[in-house]
$ cat coords36.pdb   # PDB, C-alpha atoms
ATOM      1  CA  MET A   1      76.682 129.982 110.853
ATOM      2  CA  PHE A   2      76.566 128.561 107.335
ATOM      3  CA  ASN A   3      73.663 129.351 105.115
ATOM      4  CA  ILE A   4      71.526 126.419 103.844
ATOM      5  CA  PRO A   5      73.176 125.940 100.397
ATOM      6  CA  ILE A   6      76.715 125.911 101.861
ATOM      7  CA  ARG A   7      75.720 123.525 104.690
ATOM      8  CA  ARG A   8      74.019 121.195 102.162
ATOM      9  CA  ALA A   9      77.160 121.253  99.954
ATOM     10  CA  LEU A  10      79.374 120.367 102.951
ATOM     11  CA  VAL A  11      77.076 117.486 103.955
ATOM     12  CA  LEU A  12      77.049 116.158 100.386
ATOM     13  CA  ALA A  13      80.857 116.429 100.163
ATOM     14  CA  ALA A  14      81.260 114.556 103.463
ATOM     15  CA  ALA A  15      78.831 111.851 102.331
ATOM     16  CA  ALA A  16      80.660 111.467  99.021
ATOM     17  CA  THR A  17      83.990 111.125 100.852
ATOM     18  CA  ILE A  18      82.575 108.490 103.222
ATOM     19  CA  GLY A  19      80.904 106.668 100.320
ATOM     20  CA  PHE A  20      84.162 106.700  98.329
ATOM     21  CA  SER A  21      86.058 105.282 101.309
ATOM     22  CA  CYS A  22      83.517 102.481 101.688
ATOM     23  CA  VAL A  23      83.599 101.663  97.983
ATOM     24  CA  SER A  24      87.398 101.656  98.020
ATOM     25  CA  ALA A  25      87.491  99.290 101.007
ATOM     26  CA  ALA A  26      84.870  97.017  99.459
ATOM     27  CA  GLY A  27      86.785  97.008  96.174
ATOM     28  CA  ALA A  28      90.001  96.051  97.967
ATOM     29  CA  ALA A  29      88.205  93.242  99.777
ATOM     30  CA  ALA A  30      86.735  91.935  96.527
ATOM     31  CA  GLU A  31      90.162  91.874  94.888
ATOM     32  CA  ASP A  32      91.871  90.256  97.874
ATOM     33  CA  PRO A  33      89.480  88.081  99.904
ATOM     34  CA  GLU A  34      92.111  87.665 102.601
ATOM     35  CA  GLU A  35      91.580  91.300 103.578
ATOM     36  CA  THR A  36      88.076  90.449 104.845
ATOM     37  CA  GLY A  37      89.275  88.121 107.588
ATOM     38  CA  THR A  38      88.981  88.628 111.308
ATOM     39  CA  ALA A  39      91.443  87.276 113.829
ATOM     40  CA  GLU A  40      90.128  84.283 115.785
ATOM     41  CA  GLY A  41      93.188  83.413 117.850
ATOM     42  CA  PRO A  42      96.886  82.677 117.418
ATOM     43  CA  GLY A  43      97.605  81.456 113.910
ATOM     44  CA  LEU A  44      93.909  81.319 112.995
ATOM     45  CA  THR A  45      91.884  83.653 110.793
ATOM     46  CA  THR A  46      88.335  83.156 109.516
ATOM     47  CA  TYR A  47      86.757  84.342 106.302
ATOM     48  CA  SER A  48      83.325  84.466 104.753
ATOM     49  CA  TYR A  49      81.307  81.428 103.737
ATOM     50  CA  VAL A  50      81.559  79.947 100.236
ATOM     51  CA  GLN A  51      79.856  77.228  98.251
ATOM     52  CA  LEU A  52      82.192  74.794  96.483
ATOM     53  CA  GLN A  53      80.819  73.792  93.081
ATOM     54  CA  ASN A  54      82.326  70.931  91.075
ATOM     55  CA  ASN A  55      83.336  71.946  87.567
ATOM     56  CA  ARG A  56      82.313  68.651  85.961
ATOM     57  CA  SER A  57      79.032  67.825  87.721
ATOM     58  CA  GLY A  58      77.963  71.404  88.479
ATOM     59  CA  LYS A  59      76.919  70.276  91.983
ATOM     60  CA  CYS A  60      78.011  71.668  95.370
ATOM     61  CA  LEU A  61      79.590  70.051  98.431
ATOM     62  CA  GLN A  62      77.025  69.424 101.172
ATOM     63  CA  VAL A  63      76.843  67.414 104.379
ATOM     64  CA  ASP A  64      74.419  64.549 103.701
ATOM     65  CA  ASN A  65      70.886  64.964 105.081
ATOM     66  CA  ARG A  66      71.913  68.322 106.574
ATOM     67  CA  SER A  67      73.284  66.373 109.515
ATOM     68  CA  LYS A  68      74.958  68.060 112.460
ATOM     69  CA  ASN A  69      76.510  64.805 113.669
ATOM     70  CA  PRO A  70      80.247  64.123 113.603
ATOM     71  CA  GLY A  71      81.000  61.491 110.978
ATOM     72  CA  ALA A  72      78.188  62.489 108.598
ATOM     73  CA  TRP A  73      79.220  61.930 104.983
ATOM     74  CA  VAL A  74      79.820  64.786 102.574
ATOM     75  CA  VAL A  75      78.072  64.442  99.209
ATOM     76  CA  GLN A  76      77.355  66.576  96.160
ATOM     77  CA  ARG A  77      73.936  68.103  95.525
ATOM     78  CA  THR A  78      72.418  70.669  93.194
ATOM     79  CA  CYS A  79      73.684  74.085  94.267
ATOM     80  CA  SER A  80      71.083  75.983  96.294
ATOM     81  CA  LEU A  81      70.266  79.652  96.552
ATOM     82  CA  GLY A  82      68.560  81.453  99.398
ATOM     83  CA  GLN A  83      67.877  79.655 102.677
ATOM     84  CA  GLY A  84      68.841  76.193 101.384
ATOM     85  CA  ARG A  85      72.305  77.524 100.639
ATOM     86  CA  GLN A  86      73.408  77.409 104.298
ATOM     87  CA  TRP A  87      73.743  73.609 104.172
ATOM     88  CA  GLN A  88      76.242  73.980 101.356
ATOM     89  CA  GLU A  89      78.290  76.809 102.799
ATOM     90  CA  TRP A  90      81.785  76.365 104.175
ATOM     91  CA  ARG A  91      83.752  78.890 106.193
ATOM     92  CA  VAL A  92      87.346  79.134 105.057
ATOM     93  CA  ILE A  93      89.545  79.351 108.168
ATOM     94  CA  HIS A  94      93.163  80.227 107.459
ATOM     95  CA  LEU A  95      95.655  78.592 109.800
ATOM     96  CA  ASN A  96      98.482  80.916 108.710
ATOM     97  CA  ASN A  97     100.649  77.894 107.838
ATOM     98  CA  GLY A  98      99.686  77.600 104.164
ATOM     99  CA  TYR A  99      96.584  75.526 104.919
ATOM    100  CA  VAL A 100      92.914  76.162 105.655
ATOM    101  CA  LEU A 101      90.061  74.431 107.443
ATOM    102  CA  LEU A 102      86.629  74.247 105.812
ATOM    103  CA  GLN A 103      83.956  74.525 108.494
ATOM    104  CA  ALA A 104      80.335  73.579 107.714
ATOM    105  CA  ARG A 105      78.056  76.539 108.355
ATOM    106  CA  HIS A 106      74.986  74.621 109.521
ATOM    107  CA  SER A 107      76.819  72.492 112.076
ATOM    108  CA  ASP A 108      79.111  75.266 113.375
ATOM    109  CA  ASP A 109      81.972  73.276 114.872
ATOM    110  CA  GLN A 110      82.315  70.535 112.231
ATOM    111  CA  CYS A 111      85.086  70.614 109.615
ATOM    112  CA  LEU A 112      85.633  68.847 106.302
ATOM    113  CA  GLU A 113      87.887  65.817 106.877
ATOM    114  CA  VAL A 114      89.116  62.736 105.034
ATOM    115  CA  ASN A 115      87.741  59.581 106.660
ATOM    116  CA  GLN A 116      90.558  58.020 108.721
ATOM    117  CA  ALA A 117      88.984  54.546 108.905
ATOM    118  CA  GLY A 118      89.882  51.768 106.461
ATOM    119  CA  ALA A 119      93.039  50.037 105.316
ATOM    120  CA  THR A 120      94.917  53.195 104.288
ATOM    121  CA  GLN A 121      93.764  55.218 107.321
ATOM    122  CA  GLY A 122      92.819  58.206 105.184
ATOM    123  CA  THR A 123      95.897  58.336 102.984
ATOM    124  CA  GLY A 124      94.784  56.270  99.962
ATOM    125  CA  ASN A 125      92.454  56.660  96.998
ATOM    126  CA  ASN A 126      88.687  56.295  97.563
ATOM    127  CA  ALA A 127      88.722  57.546 101.181
ATOM    128  CA  ARG A 128      85.422  59.416 101.584
ATOM    129  CA  LEU A 129      84.922  62.891 102.982
ATOM    130  CA  LEU A 130      82.937  63.590 106.124
ATOM    131  CA  GLN A 131      82.469  66.255 108.760
ATOM    132  CA  TRP A 132      84.121  65.947 112.153
ATOM    133  CA  ASP A 133      84.731  68.133 115.178
ATOM    134  CA  CYS A 134      87.299  70.753 114.160
ATOM    135  CA  HIS A 135      90.654  69.791 115.678
ATOM    136  CA  ARG A 136      93.079  71.206 113.068
ATOM    137  CA  GLY A 137      94.681  67.808 112.370
ATOM    138  CA  ALA A 138      96.417  67.291 109.002
ATOM    139  CA  GLN A 139      93.406  65.305 107.714
ATOM    140  CA  GLN A 140      91.314  68.484 108.070
ATOM    141  CA  GLN A 141      93.831  70.815 106.453
ATOM    142  CA  TRP A 142      93.520  71.844 102.810
ATOM    143  CA  ASP A 143      96.277  73.490 100.765
ATOM    144  CA  LYS A 144      95.541  77.222 100.600
ATOM    145  CA  GLU A 145      97.211  77.860  97.228
ATOM    146  CA  GLU A 146      95.521  74.838  95.670
ATOM    147  CA  LEU A 147      92.172  76.120  96.961
ATOM    148  CA  LYS A 148      92.814  79.470  95.283
ATOM    149  CA  ALA A 149      93.513  77.552  92.060
ATOM    150  CA  GLY A 150      90.250  75.601  92.441
ATOM    151  CA  PHE A 151      91.474  72.322  93.957
ATOM    152  CA  LEU A 152      90.914  70.744  97.376
ATOM    153  CA  LYS A 153      94.201  69.034  98.220
ATOM    154  CA  ASN A 154      94.471  67.348 101.615
ATOM    155  CA  ARG A 155      97.599  67.971 103.674
ATOM    156  CA  ARG A 156      97.871  64.495 105.208
ATOM    157  CA  SER A 157      97.262  62.408 102.101
ATOM    158  CA  GLY A 158      98.425  64.809  99.387
ATOM    159  CA  ARG A 159      95.348  63.725  97.377
ATOM    160  CA  CYS A 160      92.578  65.799  95.806
ATOM    161  CA  VAL A 161      88.804  65.805  96.271
ATOM    162  CA  GLU A 162      86.415  64.649  93.556
ATOM    163  CA  PRO A 163      82.939  63.120  93.269
ATOM    164  CA  ASP A 164      83.048  59.312  93.087
ATOM    165  CA  GLN A 165      83.366  58.588  89.360
ATOM    166  CA  ARG A 166      81.970  55.067  89.812
ATOM    167  CA  VAL A 167      78.522  56.475  90.639
ATOM    168  CA  ALA A 168      76.745  57.897  87.551
ATOM    169  CA  LYS A 169      80.157  58.941  86.188
ATOM    170  CA  GLY A 170      80.557  61.408  89.062
ATOM    171  CA  ARG A 171      77.369  63.310  88.336
ATOM    172  CA  ALA A 172      74.934  61.656  90.779
ATOM    173  CA  GLU A 173      72.626  63.794  92.916
ATOM    174  CA  GLY A 174      73.680  62.971  96.478
ATOM    175  CA  GLY A 175      76.701  61.088  95.143
ATOM    176  CA  PRO A 176      79.665  60.397  97.445
ATOM    177  CA  VAL A 177      82.720  62.640  97.460
ATOM    178  CA  LEU A 178      86.176  61.167  98.037
ATOM    179  CA  GLN A 179      89.876  61.774  97.534
ATOM    180  CA  TRP A 180      91.926  60.566  94.600
ATOM    181  CA  THR A 181      95.425  61.026  93.208
ATOM    182  CA  CYS A 182      95.642  64.627  91.968
ATOM    183  CA  HIS A 183      95.353  64.844  88.173
ATOM    184  CA  ARG A 184      93.641  68.240  87.814
ATOM    185  CA  GLY A 185      90.776  66.901  85.701
ATOM    186  CA  ALA A 186      87.420  68.703  85.624
ATOM    187  CA  GLN A 187      86.071  66.397  88.347
ATOM    188  CA  GLN A 188      88.738  67.731  90.741
ATOM    189  CA  GLN A 189      88.076  71.402  90.010
ATOM    190  CA  TRP A 190      85.950  73.316  92.552
ATOM    191  CA  LYS A 191      84.680  76.835  91.959
ATOM    192  CA  GLN A 192      84.001  79.096  94.939
ATOM    193  CA  ARG A 193      80.589  80.763  94.762
TER     194      ARG A 193
END

$ encode --input "coords36.pdb" --output "structure tokens"
Amino acid sequence: MFNIPIRRALVLAAAATIGFSCVSAAGAAAEDPEETGTAEGPGLTTYSYVQLQNNRSGKCLQVDNRSKNPGAWVVQRTCSLGQGRQWQEWRVIHLNNGYVLLQARHSDDQCLEVNQAGATQGTGNNARLLQWDCHRGAQQQWDKEELKAGFLKNRRSGRCVEPDQRVAKGRAEGGPVLQWTCHRGAQQQWKQR
């Protein structure tokens, strides 16, 4: 049997080792967010939720009126903290093909998509963003490397997401969000929070 001081020293050493392992794993996850994923099926990995804040307006992507309905528009609103944040959170789901889905947290099975209605059927400038049932179509896929660089570039159209610059110069509370030819201006830059 160990005496009390030796036993206490062994317990403290074990706790320090476990604590160091946890800190090391957390540090690795913070440096490489892809390490935090969990497998969700063949060719599909999910990651934690993020807010997407526009560099120019300072506002975050949100489904309008907190709707859970397919086809609800996506707008920009003042970034929330606490409980209100869930309506602005998007789960990044890696498809392991160089693209990701962005799934709205509050509506579970709805993904960010370029509206396919209209003359250009989702491939031209000014097509608005909405949420739709996740189906992994090209109109719901966003370039993974561009996302890391701070841009939302759609796979189908090859265009980038920005707030509508015709409405209060892209700074409107509740203003529409659409796609436009990629130019990498501040209105097309999105910071993950």

$ resolve_selection --input "coords36.pdb" --expression "the PyMOL selection byres ((chain A and resi 95-107) around 9)" --output "ChimeraX atom specification"
/A:42-46,49,62-63,66-69,86-94,108-113,131,134,136,140-145,147,155

$ write_last_selection --input "coords36.pdb" --atoms "C-alpha atoms" --output "mmCIF file, in the frame of the given file"
data_model
loop_
_atom_site.group_PDB
_atom_site.id
_atom_site.type_symbol
_atom_site.label_atom_id
_atom_site.label_comp_id
_atom_site.auth_asym_id
_atom_site.auth_seq_id
_atom_site.Cartn_x
_atom_site.Cartn_y
_atom_site.Cartn_z
ATOM 1 C CA PRO A 42 96.886 82.677 117.418
ATOM 2 C CA GLY A 43 97.605 81.456 113.910
ATOM 3 C CA LEU A 44 93.909 81.319 112.995
ATOM 4 C CA THR A 45 91.884 83.653 110.793
ATOM 5 C CA THR A 46 88.335 83.156 109.516
ATOM 6 C CA TYR A 49 81.307 81.428 103.737
ATOM 7 C CA GLN A 62 77.025 69.424 101.172
ATOM 8 C CA VAL A 63 76.843 67.414 104.379
ATOM 9 C CA ARG A 66 71.913 68.322 106.574
ATOM 10 C CA SER A 67 73.284 66.373 109.515
ATOM 11 C CA LYS A 68 74.958 68.060 112.460
ATOM 12 C CA ASN A 69 76.510 64.805 113.669
ATOM 13 C CA GLN A 86 73.408 77.409 104.298
ATOM 14 C CA TRP A 87 73.743 73.609 104.172
ATOM 15 C CA GLN A 88 76.242 73.980 101.356
ATOM 16 C CA GLU A 89 78.290 76.809 102.799
ATOM 17 C CA TRP A 90 81.785 76.365 104.175
ATOM 18 C CA ARG A 91 83.752 78.890 106.193
ATOM 19 C CA VAL A 92 87.346 79.134 105.057
ATOM 20 C CA ILE A 93 89.545 79.351 108.168
ATOM 21 C CA HIS A 94 93.163 80.227 107.459
ATOM 22 C CA ASP A 108 79.111 75.266 113.375
ATOM 23 C CA ASP A 109 81.972 73.276 114.872
ATOM 24 C CA GLN A 110 82.315 70.535 112.231
ATOM 25 C CA CYS A 111 85.086 70.614 109.615
ATOM 26 C CA LEU A 112 85.633 68.847 106.302
ATOM 27 C CA GLU A 113 87.887 65.817 106.877
ATOM 28 C CA GLN A 131 82.469 66.255 108.760
ATOM 29 C CA CYS A 134 87.299 70.753 114.160
ATOM 30 C CA ARG A 136 93.079 71.206 113.068
ATOM 31 C CA GLN A 140 91.314 68.484 108.070
ATOM 32 C CA GLN A 141 93.831 70.815 106.453
ATOM 33 C CA TRP A 142 93.520 71.844 102.810
ATOM 34 C CA ASP A 143 96.277 73.490 100.765
ATOM 35 C CA LYS A 144 95.541 77.222 100.600
ATOM 36 C CA GLU A 145 97.211 77.860 97.228
ATOM 37 C CA LEU A 147 92.172 76.120 96.961
ATOM 38 C CA ARG A 155 97.599 67.971 103.674
#

$ resolve_selection --input "coords36.pdb" --expression "the PyMOL selection byres ((chain A and resi 74) around 9)" --output "PDB file with C-alpha atoms, in the frame of the given file"
ATOM      1  CA  LEU A  61      79.590  70.051  98.431  1.00  0.00           C
ATOM      2  CA  GLN A  62      77.025  69.424 101.172  1.00  0.00           C
ATOM      3  CA  VAL A  63      76.843  67.414 104.379  1.00  0.00           C
ATOM      4  CA  ASP A  64      74.419  64.549 103.701  1.00  0.00           C
ATOM      5  CA  ALA A  72      78.188  62.489 108.598  1.00  0.00           C
ATOM      6  CA  TRP A  73      79.220  61.930 104.983  1.00  0.00           C
ATOM      7  CA  VAL A  75      78.072  64.442  99.209  1.00  0.00           C
ATOM      8  CA  GLN A  76      77.355  66.576  96.160  1.00  0.00           C
ATOM      9  CA  LEU A 112      85.633  68.847 106.302  1.00  0.00           C
ATOM     10  CA  ARG A 128      85.422  59.416 101.584  1.00  0.00           C
ATOM     11  CA  LEU A 129      84.922  62.891 102.982  1.00  0.00           C
ATOM     12  CA  LEU A 130      82.937  63.590 106.124  1.00  0.00           C
ATOM     13  CA  GLN A 131      82.469  66.255 108.760  1.00  0.00           C
ATOM     14  CA  GLY A 174      73.680  62.971  96.478  1.00  0.00           C
ATOM     15  CA  GLY A 175      76.701  61.088  95.143  1.00  0.00           C
ATOM     16  CA  PRO A 176      79.665  60.397  97.445  1.00  0.00           C
ATOM     17  CA  VAL A 177      82.720  62.640  97.460  1.00  0.00           C
ATOM     18  CA  LEU A 178      86.176  61.167  98.037  1.00  0.00           C
TER      19      LEU A 178
END

$ resolve_selection --input "coords36.pdb" --expression "the PyMOL selection byres ((chain A and resi 186) around 6)" --output "VMD selection string"
chain A and resid 55 to 56 185 187 to 189

$ atom_distance --input "coords36.pdb" --atom1 "CA of Gly71 in chain A" --atom2 "CA of Trp132 in chain A"
5.6 Å

$ atom_distance --input "coords36.pdb" --atom1 "CA of Ala117 in chain A" --atom2 "CA of Val167 in chain A"
21.1 Å

$ closest_residue --input "coords36.pdb" --among "A:Ser57, A:Thr120, A:Gln139, A:Gln51" --to "Asp164 in chain A" --atoms "all atoms listed in the file"
A:Ser57
